[in-house]
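Text of structure_10.pdb (PDB, C-alpha atoms and all ligand atoms) as supplied:
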ATOM      1  CA  MET O   1     100.429 125.007  85.018  1.00  0.00           C
ATOM      2  CA  GLY O   2     102.496 121.967  84.068  1.00  0.00           C
ATOM      3  CA  ILE O   3     102.077 118.262  84.644  1.00  0.00           C
ATOM      4  CA  THR O   4     102.571 116.522  87.983  1.00  0.00           C
ATOM      5  CA  LYS O   5     103.247 112.839  88.486  1.00  0.00           C
ATOM      6  CA  THR O   6      99.581 112.299  89.346  1.00  0.00           C
ATOM      7  CA  ASP O   7      98.474 114.306  86.298  1.00  0.00           C
ATOM      8  CA  PHE O   8     100.709 112.225  84.075  1.00  0.00           C
ATOM      9  CA  MET O   9      99.434 108.910  85.405  1.00  0.00           C
ATOM     10  CA  ARG O  10      95.810 110.024  85.198  1.00  0.00           C
ATOM     11  CA  GLY O  11      96.223 111.612  81.774  1.00  0.00           C
ATOM     12  CA  MET O  12      97.827 108.463  80.403  1.00  0.00           C
ATOM     13  CA  GLN O  13      94.867 106.475  81.717  1.00  0.00           C
ATOM     14  CA  CYS O  14      92.423 108.867  80.031  1.00  0.00           C
ATOM     15  CA  PRO O  15      93.109 112.428  78.770  1.00  0.00           C
ATOM     16  CA  LYS O  16      89.542 113.411  79.669  1.00  0.00           C
ATOM     17  CA  MET O  17      90.199 112.445  83.282  1.00  0.00           C
ATOM     18  CA  LEU O  18      93.101 114.906  83.339  1.00  0.00           C
ATOM     19  CA  TRP O  19      90.997 117.599  81.666  1.00  0.00           C
ATOM     20  CA  LEU O  20      88.170 117.141  84.188  1.00  0.00           C
ATOM     21  CA  ASP O  21      90.689 117.310  87.065  1.00  0.00           C
ATOM     22  CA  LYS O  22      91.789 120.715  85.796  1.00  0.00           C
ATOM     23  CA  HIS O  23      88.458 122.199  84.736  1.00  0.00           C
ATOM     24  CA  LYS O  24      85.647 120.430  86.638  1.00  0.00           C
ATOM     25  CA  PRO O  25      87.161 118.877  89.771  1.00  0.00           C
ATOM     26  CA  GLY O  26      83.866 119.329  91.607  1.00  0.00           C
ATOM     27  CA  LEU O  27      82.451 116.406  89.603  1.00  0.00           C
ATOM     28  CA  ARG O  28      84.936 114.042  91.210  1.00  0.00           C
ATOM     29  CA  VAL O  29      83.482 111.405  93.486  1.00  0.00           C
ATOM     30  CA  ILE O  30      85.953 109.286  95.398  1.00  0.00           C
ATOM     31  CA  PRO O  31      84.318 106.110  96.738  1.00  0.00           C
ATOM     32  CA  PRO O  32      84.973 105.555 100.474  1.00  0.00           C
ATOM     33  CA  GLU O  33      86.906 102.330  99.860  1.00  0.00           C
ATOM     34  CA  VAL O  34      89.233 104.130  97.459  1.00  0.00           C
ATOM     35  CA  GLN O  35      89.701 106.988  99.932  1.00  0.00           C
ATOM     36  CA  GLN O  36      90.554 104.455 102.650  1.00  0.00           C
ATOM     37  CA  ARG O  37      93.158 102.901 100.375  1.00  0.00           C
ATOM     38  CA  LEU O  38      94.640 106.329  99.631  1.00  0.00           C
ATOM     39  CA  ASP O  39      94.746 107.195 103.339  1.00  0.00           C
ATOM     40  CA  ALA O  40      96.424 103.865 104.185  1.00  0.00           C
ATOM     41  CA  GLY O  41      98.982 104.573 101.455  1.00  0.00           C
ATOM     42  CA  ASN O  42      99.710 108.000 102.927  1.00  0.00           C
ATOM     43  CA  ASP O  43     100.130 106.493 106.412  1.00  0.00           C
ATOM     44  CA  PHE O  44     102.556 103.877 105.077  1.00  0.00           C
ATOM     45  CA  GLY O  45     104.437 106.608 103.205  1.00  0.00           C
ATOM     46  CA  ASP O  46     104.773 108.646 106.408  1.00  0.00           C
ATOM     47  CA  LEU O  47     106.129 105.600 108.262  1.00  0.00           C
ATOM     48  CA  ALA O  48     108.610 104.792 105.499  1.00  0.00           C
ATOM     49  CA  MET O  49     110.221 108.241 105.754  1.00  0.00           C
ATOM     50  CA  GLY O  50     112.182 106.946 108.730  1.00  0.00           C
ATOM     51  CA  MET O  51     113.327 103.679 107.157  1.00  0.00           C
ATOM     52  CA  PHE O  52     116.898 104.947 106.806  1.00  0.00           C
ATOM     53  CA  GLY O  53     117.005 106.786 110.124  1.00  0.00           C
ATOM     54  CA  PRO O  54     117.059 110.587 110.476  1.00  0.00           C
ATOM     55  CA  TYR O  55     115.661 112.549 107.534  1.00  0.00           C
ATOM     56  CA  GLU O  56     114.576 116.020 106.452  1.00  0.00           C
ATOM     57  CA  GLU O  57     111.008 116.380 105.218  1.00  0.00           C
ATOM     58  CA  ILE O  58     110.541 119.094 102.635  1.00  0.00           C
ATOM     59  CA  THR O  59     106.766 119.524 102.625  1.00  0.00           C
ATOM     60  CA  VAL O  60     105.624 123.155 102.848  1.00  0.00           C
ATOM     61  CA  TYR O  61     101.942 124.109 102.751  1.00  0.00           C
ATOM     62  CA  ARG O  62     100.415 127.307 101.502  1.00  0.00           C
ATOM     63  CA  PRO O  63      99.455 129.389 104.536  1.00  0.00           C
ATOM     64  CA  GLY O  64      96.222 128.205 106.156  1.00  0.00           C
ATOM     65  CA  THR O  65      95.784 125.237 103.783  1.00  0.00           C
ATOM     66  CA  HIS O  66      96.907 121.669 103.214  1.00  0.00           C
ATOM     67  CA  ILE O  67      97.865 122.499  99.632  1.00  0.00           C
ATOM     68  CA  PRO O  68     101.581 121.948  99.000  1.00  0.00           C
ATOM     69  CA  ASP O  69     103.518 125.091  98.118  1.00  0.00           C
ATOM     70  CA  LYS O  70     105.465 123.572  95.232  1.00  0.00           C
ATOM     71  CA  LYS O  71     107.789 126.501  94.589  1.00  0.00           C
ATOM     72  CA  ALA O  72     108.742 126.703  98.274  1.00  0.00           C
ATOM     73  CA  MET O  73     109.332 122.931  98.312  1.00  0.00           C
ATOM     74  CA  VAL O  74     111.572 123.120  95.243  1.00  0.00           C
ATOM     75  CA  GLN O  75     113.558 125.906  96.899  1.00  0.00           C
ATOM     76  CA  ARG O  76     113.920 123.957 100.158  1.00  0.00           C
ATOM     77  CA  THR O  77     115.026 120.894  98.195  1.00  0.00           C
ATOM     78  CA  LYS O  78     117.744 122.931  96.463  1.00  0.00           C
ATOM     79  CA  GLU O  79     118.992 124.110  99.833  1.00  0.00           C
ATOM     80  CA  HIS O  80     119.208 120.549 101.158  1.00  0.00           C
ATOM     81  CA  LEU O  81     120.951 119.323  98.011  1.00  0.00           C
ATOM     82  CA  LEU O  82     123.566 122.053  98.496  1.00  0.00           C
ATOM     83  CA  ARG O  83     123.940 121.032 102.142  1.00  0.00           C
ATOM     84  CA  GLU O  84     124.298 117.383 101.054  1.00  0.00           C
ATOM     85  CA  THR O  85     121.558 116.249 103.434  1.00  0.00           C
ATOM     86  CA  PRO O  86     121.788 112.423 103.444  1.00  0.00           C
ATOM     87  CA  VAL O  87     118.034 111.625 103.318  1.00  0.00           C
ATOM     88  CA  ILE O  88     115.441 114.047 101.923  1.00  0.00           C
ATOM     89  CA  CYS O  89     111.741 113.119 101.974  1.00  0.00           C
ATOM     90  CA  GLU O  90     109.247 114.708  99.553  1.00  0.00           C
ATOM     91  CA  ALA O  91     112.183 116.205  97.640  1.00  0.00           C
ATOM     92  CA  ALA O  92     110.564 118.442  95.009  1.00  0.00           C
ATOM     93  CA  PHE O  93     111.688 119.138  91.453  1.00  0.00           C
ATOM     94  CA  LEU O  94     110.309 121.380  88.726  1.00  0.00           C
ATOM     95  CA  TYR O  95     111.168 121.184  85.042  1.00  0.00           C
ATOM     96  CA  TYR O  96     109.357 123.674  82.801  1.00  0.00           C
ATOM     97  CA  ASN O  97     106.510 123.652  85.354  1.00  0.00           C
ATOM     98  CA  ASN O  98     106.332 119.844  85.313  1.00  0.00           C
ATOM     99  CA  TYR O  99     106.622 118.691  88.898  1.00  0.00           C
ATOM    100  CA  CYS O 100     107.269 115.723  91.112  1.00  0.00           C
ATOM    101  CA  ALA O 101     108.032 115.159  94.786  1.00  0.00           C
ATOM    102  CA  VAL O 102     110.123 112.068  95.474  1.00  0.00           C
ATOM    103  CA  ASP O 103     109.136 110.040  98.534  1.00  0.00           C
ATOM    104  CA  ILE O 104     112.722 109.422  99.653  1.00  0.00           C
ATOM    105  CA  LEU O 105     115.909 110.770  98.078  1.00  0.00           C
ATOM    106  CA  ARG O 106     119.089 109.232  99.491  1.00  0.00           C
ATOM    107  CA  LYS O 107     122.571 110.592  98.912  1.00  0.00           C
ATOM    108  CA  THR O 108     125.210 108.192  97.663  1.00  0.00           C
ATOM    109  CA  ALA O 109     128.952 108.779  97.239  1.00  0.00           C
ATOM    110  CA  THR O 110     128.484 110.035  93.683  1.00  0.00           C
ATOM    111  CA  GLY O 111     124.792 110.897  93.207  1.00  0.00           C
ATOM    112  CA  TYR O 112     121.346 109.948  94.523  1.00  0.00           C
ATOM    113  CA  ASP O 113     119.102 106.903  94.818  1.00  0.00           C
ATOM    114  CA  PHE O 114     115.373 107.458  95.039  1.00  0.00           C
ATOM    115  CA  TYR O 115     112.635 105.391  96.620  1.00  0.00           C
ATOM    116  CA  GLU O 116     108.954 105.412  95.670  1.00  0.00           C
ATOM    117  CA  VAL O 117     106.856 104.014  98.511  1.00  0.00           C
ATOM    118  CA  LYS O 118     103.855 101.832  97.666  1.00  0.00           C
ATOM    119  CA  ASN O 119     101.528 100.251 100.186  1.00  0.00           C
ATOM    120  CA  ALA O 120     101.349  97.021  98.156  1.00  0.00           C
ATOM    121  CA  ALA O 121     102.838  93.551  98.398  1.00  0.00           C
ATOM    122  CA  GLU O 122     104.004  93.297  94.793  1.00  0.00           C
ATOM    123  CA  VAL O 123     105.230  95.377  91.890  1.00  0.00           C
ATOM    124  CA  HIS O 124     102.613  96.674  89.432  1.00  0.00           C
ATOM    125  CA  GLU O 125     103.335  98.134  86.018  1.00  0.00           C
ATOM    126  CA  SER O 126     101.771 101.441  87.071  1.00  0.00           C
ATOM    127  CA  PHE O 127     104.402 101.755  89.841  1.00  0.00           C
ATOM    128  CA  ILE O 128     107.190 101.471  87.268  1.00  0.00           C
ATOM    129  CA  ARG O 129     105.577 104.168  85.107  1.00  0.00           C
ATOM    130  CA  ASP O 130     105.191 106.366  88.168  1.00  0.00           C
ATOM    131  CA  ALA O 131     108.912 106.025  88.946  1.00  0.00           C
ATOM    132  CA  GLY O 132     109.749 106.508  85.254  1.00  0.00           C
ATOM    133  CA  PHE O 133     108.034 109.921  85.304  1.00  0.00           C
ATOM    134  CA  GLN O 134     109.973 110.941  88.402  1.00  0.00           C
ATOM    135  CA  HIS O 135     113.262 109.790  86.904  1.00  0.00           C
ATOM    136  CA  TYR O 136     112.528 111.924  83.828  1.00  0.00           C
ATOM    137  CA  ILE O 137     111.920 115.073  85.896  1.00  0.00           C
ATOM    138  CA  LEU O 138     114.940 114.487  88.146  1.00  0.00           C
ATOM    139  CA  LYS O 139     117.254 113.823  85.209  1.00  0.00           C
ATOM    140  CA  ARG O 140     116.013 116.881  83.322  1.00  0.00           C
ATOM    141  CA  SER O 141     116.536 118.892  86.506  1.00  0.00           C
ATOM    142  CA  GLY O 142     120.197 117.932  86.446  1.00  0.00           C
ATOM    143  CA  LEU O 143     120.215 115.444  89.330  1.00  0.00           C
ATOM    144  CA  LYS O 144     122.452 112.407  89.005  1.00  0.00           C
ATOM    145  CA  VAL O 145     120.132 109.488  89.683  1.00  0.00           C
ATOM    146  CA  GLU O 146     121.943 106.224  90.320  1.00  0.00           C
ATOM    147  CA  ARG O 147     119.417 103.626  91.447  1.00  0.00           C
ATOM    148  CA  ILE O 148     115.622 103.600  91.678  1.00  0.00           C
ATOM    149  CA  PHE O 149     113.643 101.483  94.137  1.00  0.00           C
ATOM    150  CA  LEU O 150     110.057 100.762  95.007  1.00  0.00           C
ATOM    151  CA  VAL O 151     109.439 100.248  98.709  1.00  0.00           C
ATOM    152  CA  LEU O 152     106.744  97.610  99.060  1.00  0.00           C
ATOM    153  CA  HIS O 153     104.778  96.584 102.156  1.00  0.00           C
ATOM    154  CA  GLY O 154     106.283  93.328 103.451  1.00  0.00           C
ATOM    155  CA  PRO O 155     104.826  90.868 105.971  1.00  0.00           C
ATOM    156  CA  ASP O 156     107.008  91.893 108.950  1.00  0.00           C
ATOM    157  CA  GLU O 157     104.984  94.647 110.607  1.00  0.00           C
ATOM    158  CA  ASP O 158     107.951  95.527 112.868  1.00  0.00           C
ATOM    159  CA  TYR O 159     109.868  96.567 109.741  1.00  0.00           C
ATOM    160  CA  PRO O 160     107.519  96.313 106.750  1.00  0.00           C
ATOM    161  CA  PHE O 161     109.704  98.150 104.214  1.00  0.00           C
ATOM    162  CA  VAL O 162     110.883  95.980 101.327  1.00  0.00           C
ATOM    163  CA  PRO O 163     112.966  97.822  98.692  1.00  0.00           C
ATOM    164  CA  VAL O 164     112.863  96.366  95.173  1.00  0.00           C
ATOM    165  CA  GLU O 165     115.246  97.809  92.609  1.00  0.00           C
ATOM    166  CA  ILE O 166     113.603  98.886  89.331  1.00  0.00           C
ATOM    167  CA  THR O 167     116.327 101.104  87.865  1.00  0.00           C
ATOM    168  CA  GLY O 168     116.399  99.386  84.474  1.00  0.00           C
ATOM    169  CA  GLN O 169     112.630  99.317  83.962  1.00  0.00           C
ATOM    170  CA  ALA O 170     112.072 102.903  85.145  1.00  0.00           C
ATOM    171  CA  THR O 171     114.917 104.513  83.185  1.00  0.00           C
ATOM    172  CA  ALA O 172     113.811 102.658  80.035  1.00  0.00           C
ATOM    173  CA  LEU O 173     110.633 104.796  80.105  1.00  0.00           C
ATOM    174  CA  TYR O 174     112.515 108.064  79.598  1.00  0.00           C
ATOM    175  CA  ASP O 175     111.618 108.453  75.912  1.00  0.00           C
ATOM    176  CA  TRP O 176     108.053 107.288  76.536  1.00  0.00           C
ATOM    177  CA  VAL O 177     107.580 110.016  79.164  1.00  0.00           C
ATOM    178  CA  ASN O 178     109.150 112.588  76.837  1.00  0.00           C
ATOM    179  CA  ASP O 179     106.815 111.490  74.035  1.00  0.00           C
ATOM    180  CA  HIS O 180     103.683 112.141  76.134  1.00  0.00           C
ATOM    181  CA  ILE O 181     104.382 114.835  78.702  1.00  0.00           C
ATOM    182  CA  TRP O 182     104.169 117.772  76.299  1.00  0.00           C
ATOM    183  CA  GLU O 183     100.987 116.494  74.657  1.00  0.00           C
ATOM    184  CA  LEU O 184      99.335 116.113  78.072  1.00  0.00           C
ATOM    185  CA  ASN O 185     100.452 119.657  78.888  1.00  0.00           C
ATOM    186  CA  ARG O 186      98.648 120.843  75.768  1.00  0.00           C
ATOM    187  CA  LEU O 187      95.506 118.749  76.303  1.00  0.00           C
ATOM    188  CA  GLN O 188      94.955 119.895  79.896  1.00  0.00           C
ATOM    189  CA  LYS O 189      94.792 123.507  78.665  1.00  0.00           C
ATOM    190  CA  GLU O 190      92.164 122.863  75.971  1.00  0.00           C
ATOM    191  CA  LYS O 191      89.211 125.204  76.446  1.00  0.00           C
ATOM    192  CA  GLU O 192      86.626 122.706  75.214  1.00  0.00           C
ATOM    193  CA  GLU O 193      85.907 119.584  77.249  1.00  0.00           C
ATOM    194  CA  LEU O 194      87.738 116.616  75.771  1.00  0.00           C
ATOM    195  CA  PHE O 195      85.712 113.768  74.341  1.00  0.00           C
ATOM    196  CA  ALA O 196      86.496 110.202  75.387  1.00  0.00           C
ATOM    197  CA  GLU O 197      84.377 107.159  74.748  1.00  0.00           C
ATOM    198  CA  PRO O 198      83.905 105.386  78.095  1.00  0.00           C
ATOM    199  CA  GLY O 199      85.531 101.974  78.018  1.00  0.00           C
ATOM    200  CA  LYS O 200      88.142  99.795  79.603  1.00  0.00           C
ATOM    201  CA  GLN O 201      90.167 102.841  80.677  1.00  0.00           C
ATOM    202  CA  CYS O 202      87.392 103.757  83.147  1.00  0.00           C
ATOM    203  CA  MET O 203      88.506 101.014  85.542  1.00  0.00           C
ATOM    204  CA  PRO O 204      92.103  99.789  85.642  1.00  0.00           C
ATOM    205  CA  PRO O 205      94.458 100.522  87.252  1.00  0.00           C
ATOM    206  CA  TYR O 206      92.001 102.475  89.437  1.00  0.00           C
ATOM    207  CA  PRO O 207      88.262 103.156  89.039  1.00  0.00           C
ATOM    208  CA  CYS O 208      87.771 106.611  87.597  1.00  0.00           C
ATOM    209  CA  TRP O 209      86.313 109.227  89.920  1.00  0.00           C
ATOM    210  CA  TYR O 210      84.217 110.624  87.040  1.00  0.00           C
ATOM    211  CA  TYR O 211      82.584 107.291  86.289  1.00  0.00           C
ATOM    212  CA  GLY O 212      79.101 108.510  87.200  1.00  0.00           C
ATOM    213  CA  TYR O 213      79.483 111.723  85.165  1.00  0.00           C
ATOM    214  CA  CYS O 214      80.718 110.014  82.008  1.00  0.00           C
ATOM    215  CA  HIS O 215      78.321 107.089  82.253  1.00  0.00           C
ATOM    216  CA  GLY O 216      75.276 109.278  82.811  1.00  0.00           C
ATOM    217  CA  GLN O 217      74.374 107.928  86.209  1.00  0.00           C
ATOM    218  CA  PRO O 218      73.043 110.953  88.086  1.00  0.00           C
ATOM    219  CA  GLU O 219      70.952 108.631  90.251  1.00  0.00           C
ATOM    220  CA  THR O 220      74.162 107.246  91.762  1.00  0.00           C
ATOM    221  CA  ASN O 221      75.350 110.791  92.530  1.00  0.00           C
ATOM    222  CA  GLY O 222      78.480 109.768  90.686  1.00  0.00           C
ATOM    223  CA  GLN O 223      79.220 106.912  93.095  1.00  0.00           C
ATOM    224  CA  ILE O 224      80.695 103.885  91.432  1.00  0.00           C
ATOM    225  CA  ARG O 225      78.412 100.944  91.926  1.00  0.00           C
ATOM    226  CA  MET O 226      80.159  97.793  93.089  1.00  0.00           C
ATOM    227  CA  GLU O 227      78.575  95.768  90.284  1.00  0.00           C
ATOM    228  CA  ASP O 228      80.311  98.057  87.804  1.00  0.00           C
ATOM    229  CA  LEU O 229      83.761  97.257  89.182  1.00  0.00           C
TER
HETATM  230  S1  LIG O 301      84.919 107.744  83.315  1.00  0.00           S
HETATM  231 FE1  LIG O 301      86.154 106.879  81.662  1.00  0.00          FE
HETATM  232  S2  LIG O 301      85.897 108.289  79.945  1.00  0.00           S
HETATM  233 FE2  LIG O 301      85.233 109.388  81.784  1.00  0.00          FE
HETATM  234  S3  LIG O 301      87.053 110.488  82.452  1.00  0.00           S
HETATM  235 FE3  LIG O 301      86.992 108.553  83.539  1.00  0.00          FE
HETATM  236  S4  LIG O 301      88.255 107.189  82.347  1.00  0.00           S
HETATM  237 FE4  LIG O 301      87.755 108.915  81.036  1.00  0.00          FE
END
Can you dump the structure from the file as structure tokens?
Ligand code: SF4
Amino acid sequence: MGITKTDFMRGMQCPKMLWLDKHKPGLRVIPPEVQQRLDAGNDFGDLAMGMFGPYEEITVYRPGTHIPDKKAMVQRTKEHLLRETPVICEAAFLYYNNYCAVDILRKTATGYDFYEVKNAAEVHESFIRDAGFQHYILKRSGLKVERIFLVLHGPDEDYPFVPVEITGQATALYDWVNDHIWELNRLQKEKEELFAEPGKQCMPPYPCWYYGYCHGQPETNGQIRMEDL
């Protein structure tokens, strides 16, 4: 059990959040408005797969589930890299069990560009960190990454995909990712529940799904109250 991109982002927001994800996921309560935002993001991501024309999607699910089969996805990605497939979506990479799946991987003459799709109108710092984690895993996996882009949601609904290059900002996070990834690996495996004082980390960049649990609000059934946001 290593660290995924989501694990890394959540663990950097609060190590206890990561620990609860691994050991007590049943306590998670996702408010409907957050779920709607996640669903809209997934829909936009699906649409963006075709932004460069024909593509190969790598996603493989475990039989009878909607849980990605990461090892099978990594294997399929290797096959498409060998075949020099021009555009690979959900290209999966594993480095010492640390995992990421890149939204869009596009072959260039001498390497690969990758695109992280975000259903947002502007760049947020968390998007850069997200791409920085992926760059770390891809580089450690031996892939030659040339340029890194975010794909934002532009105003033209006929073609809403707006690439913004963030190569410099994302690659600059390489050492920062390396400094934290192994510690998060260790923390997620702790047997005892981690202690974290609730505070500012419980909200930005996203409201924590364990807010009710950590703030002792059983009467809300864990739901985040709007006045708390
Ligand atoms: S509610 Fe706050 S303290 Fe509890 S897991 Fe979430 S971020 Fe951490």
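When only C-alpha atoms and all ligand atoms are used to measure the gap to ligand LIG 301 (chain O), the shortest distance among O:Gly53, O:Gly11, O:Pro63, O:Pro160 belongs to O:Gly11.
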>> If we count only C-alpha atoms and set the cut-off at 9 Å, which residues sit around Thr77 (chain O), ignoring sequence neighbours fewer than 2 positions away in its own chain? Please answer as a list in words.
In response: Ile58, Ala72, Met73, Val74, Gln75, Glu79, His80, Leu81, Leu82, Ile88, Glu90, Ala91, Ala92 and Phe93 of chain O
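Applied to the file shown here, the PyMOL selection byres (((chain O and resi 195) around 12) and not hetatm) selects Cys14, Pro15, Lys16, Met17, Leu18, Trp19, Leu20, Leu187, Glu190, Glu192, Glu193, Leu194, Ala196, Glu197, Pro198 and Cys214 of chain O.
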>> Restricting the calculation to only C-alpha atoms and all ligand atoms: of O:Gly216, O:Gly64, O:Gly199, O:Gly111, which residue gets closest to ligand LIG 301 (chain O)?
In response: O:Gly199
> What does the distance between CA of Ile3 (chain O) and CA of Asp130 (chain O) come to in Å, to one decimal place?
Replying inline: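 These two atoms are separated by 12.8 Å.
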Can you give me N, CA and C atoms for region 5-32 of chain O, written as an mmCIF file, keeping the file's coordinate frame?
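Output file out31.cif follows:
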data_model
loop_
_atom_site.group_PDB
_atom_site.id
_atom_site.type_symbol
_atom_site.label_atom_id
_atom_site.label_comp_id
_atom_site.auth_asym_id
_atom_site.auth_seq_id
_atom_site.Cartn_x
_atom_site.Cartn_y
_atom_site.Cartn_z
ATOM 1 N N LYS O 5 103.215 114.299 88.631
ATOM 2 C CA LYS O 5 103.247 112.839 88.486
ATOM 3 C C LYS O 5 101.820 112.277 88.437
ATOM 4 N N THR O 6 100.976 112.775 89.326
ATOM 5 C CA THR O 6 99.581 112.299 89.346
ATOM 6 C C THR O 6 98.877 112.659 88.051
ATOM 7 N N ASP O 7 99.085 113.892 87.566
ATOM 8 C CA ASP O 7 98.474 114.306 86.298
ATOM 9 C C ASP O 7 98.895 113.362 85.172
ATOM 10 N N PHE O 8 100.184 113.063 85.158
ATOM 11 C CA PHE O 8 100.709 112.225 84.075
ATOM 12 C C PHE O 8 100.059 110.846 84.111
ATOM 13 N N MET O 9 100.008 110.254 85.289
ATOM 14 C CA MET O 9 99.434 108.910 85.405
ATOM 15 C C MET O 9 97.955 108.928 85.037
ATOM 16 N N ARG O 10 97.242 109.965 85.485
ATOM 17 C CA ARG O 10 95.810 110.024 85.198
ATOM 18 C C ARG O 10 95.567 110.358 83.730
ATOM 19 N N GLY O 11 96.387 111.259 83.173
ATOM 20 C CA GLY O 11 96.223 111.612 81.774
ATOM 21 C C GLY O 11 96.551 110.466 80.838
ATOM 22 N N MET O 12 97.506 109.620 81.231
ATOM 23 C CA MET O 12 97.827 108.463 80.403
ATOM 24 C C MET O 12 96.727 107.407 80.494
ATOM 25 N N GLN O 13 96.007 107.396 81.618
ATOM 26 C CA GLN O 13 94.867 106.475 81.717
ATOM 27 C C GLN O 13 93.724 106.963 80.831
ATOM 28 N N CYS O 14 93.482 108.282 80.856
ATOM 29 C CA CYS O 14 92.423 108.867 80.031
ATOM 30 C C CYS O 14 92.630 110.390 80.003
ATOM 31 N N PRO O 15 92.890 110.978 78.832
ATOM 32 C CA PRO O 15 93.109 112.428 78.770
ATOM 33 C C PRO O 15 91.922 113.225 79.307
ATOM 34 N N LYS O 16 90.712 112.682 79.159
ATOM 35 C CA LYS O 16 89.542 113.411 79.669
ATOM 36 C C LYS O 16 89.577 113.501 81.200
ATOM 37 N N MET O 17 90.086 112.447 81.818
ATOM 38 C CA MET O 17 90.199 112.445 83.282
ATOM 39 C C MET O 17 91.089 113.613 83.724
ATOM 40 N N LEU O 18 92.202 113.788 83.029
ATOM 41 C CA LEU O 18 93.101 114.906 83.339
ATOM 42 C C LEU O 18 92.400 116.239 83.108
ATOM 43 N N TRP O 19 91.683 116.338 81.990
ATOM 44 C CA TRP O 19 90.997 117.599 81.666
ATOM 45 C C TRP O 19 89.954 117.926 82.740
ATOM 46 N N LEU O 20 89.191 116.908 83.155
ATOM 47 C CA LEU O 20 88.170 117.141 84.188
ATOM 48 C C LEU O 20 88.822 117.537 85.516
ATOM 49 N N ASP O 21 89.971 116.929 85.837
ATOM 50 C CA ASP O 21 90.689 117.310 87.065
ATOM 51 C C ASP O 21 91.006 118.804 87.066
ATOM 52 N N LYS O 22 91.359 119.321 85.888
ATOM 53 C CA LYS O 22 91.789 120.715 85.796
ATOM 54 C C LYS O 22 90.621 121.685 85.692
ATOM 55 N N HIS O 23 89.533 121.252 85.053
ATOM 56 C CA HIS O 23 88.458 122.199 84.736
ATOM 57 C C HIS O 23 87.165 121.960 85.513
ATOM 58 N N LYS O 24 86.906 120.709 85.925
ATOM 59 C CA LYS O 24 85.647 120.430 86.638
ATOM 60 C C LYS O 24 85.899 119.480 87.814
ATOM 61 N N PRO O 25 86.829 119.827 88.691
ATOM 62 C CA PRO O 25 87.161 118.877 89.771
ATOM 63 C C PRO O 25 85.998 118.624 90.720
ATOM 64 N N GLY O 26 85.026 119.513 90.727
ATOM 65 C CA GLY O 26 83.866 119.329 91.607
ATOM 66 C C GLY O 26 83.024 118.116 91.233
ATOM 67 N N LEU O 27 83.213 117.588 90.025
ATOM 68 C CA LEU O 27 82.451 116.406 89.603
ATOM 69 C C LEU O 27 83.046 115.106 90.141
ATOM 70 N N ARG O 28 84.203 115.230 90.749
ATOM 71 C CA ARG O 28 84.936 114.042 91.210
ATOM 72 C C ARG O 28 84.216 113.418 92.398
ATOM 73 N N VAL O 29 84.045 112.123 92.337
ATOM 74 C CA VAL O 29 83.482 111.405 93.486
ATOM 75 C C VAL O 29 84.432 110.255 93.813
ATOM 76 N N ILE O 30 85.006 110.329 94.997
ATOM 77 C CA ILE O 30 85.953 109.286 95.398
ATOM 78 C C ILE O 30 85.221 108.324 96.317
ATOM 79 N N PRO O 31 85.028 107.068 95.887
ATOM 80 C CA PRO O 31 84.318 106.110 96.738
ATOM 81 C C PRO O 31 85.067 105.912 98.060
ATOM 82 N N PRO O 32 84.326 105.664 99.151
ATOM 83 C CA PRO O 32 84.973 105.555 100.474
ATOM 84 C C PRO O 32 86.074 104.511 100.501
#
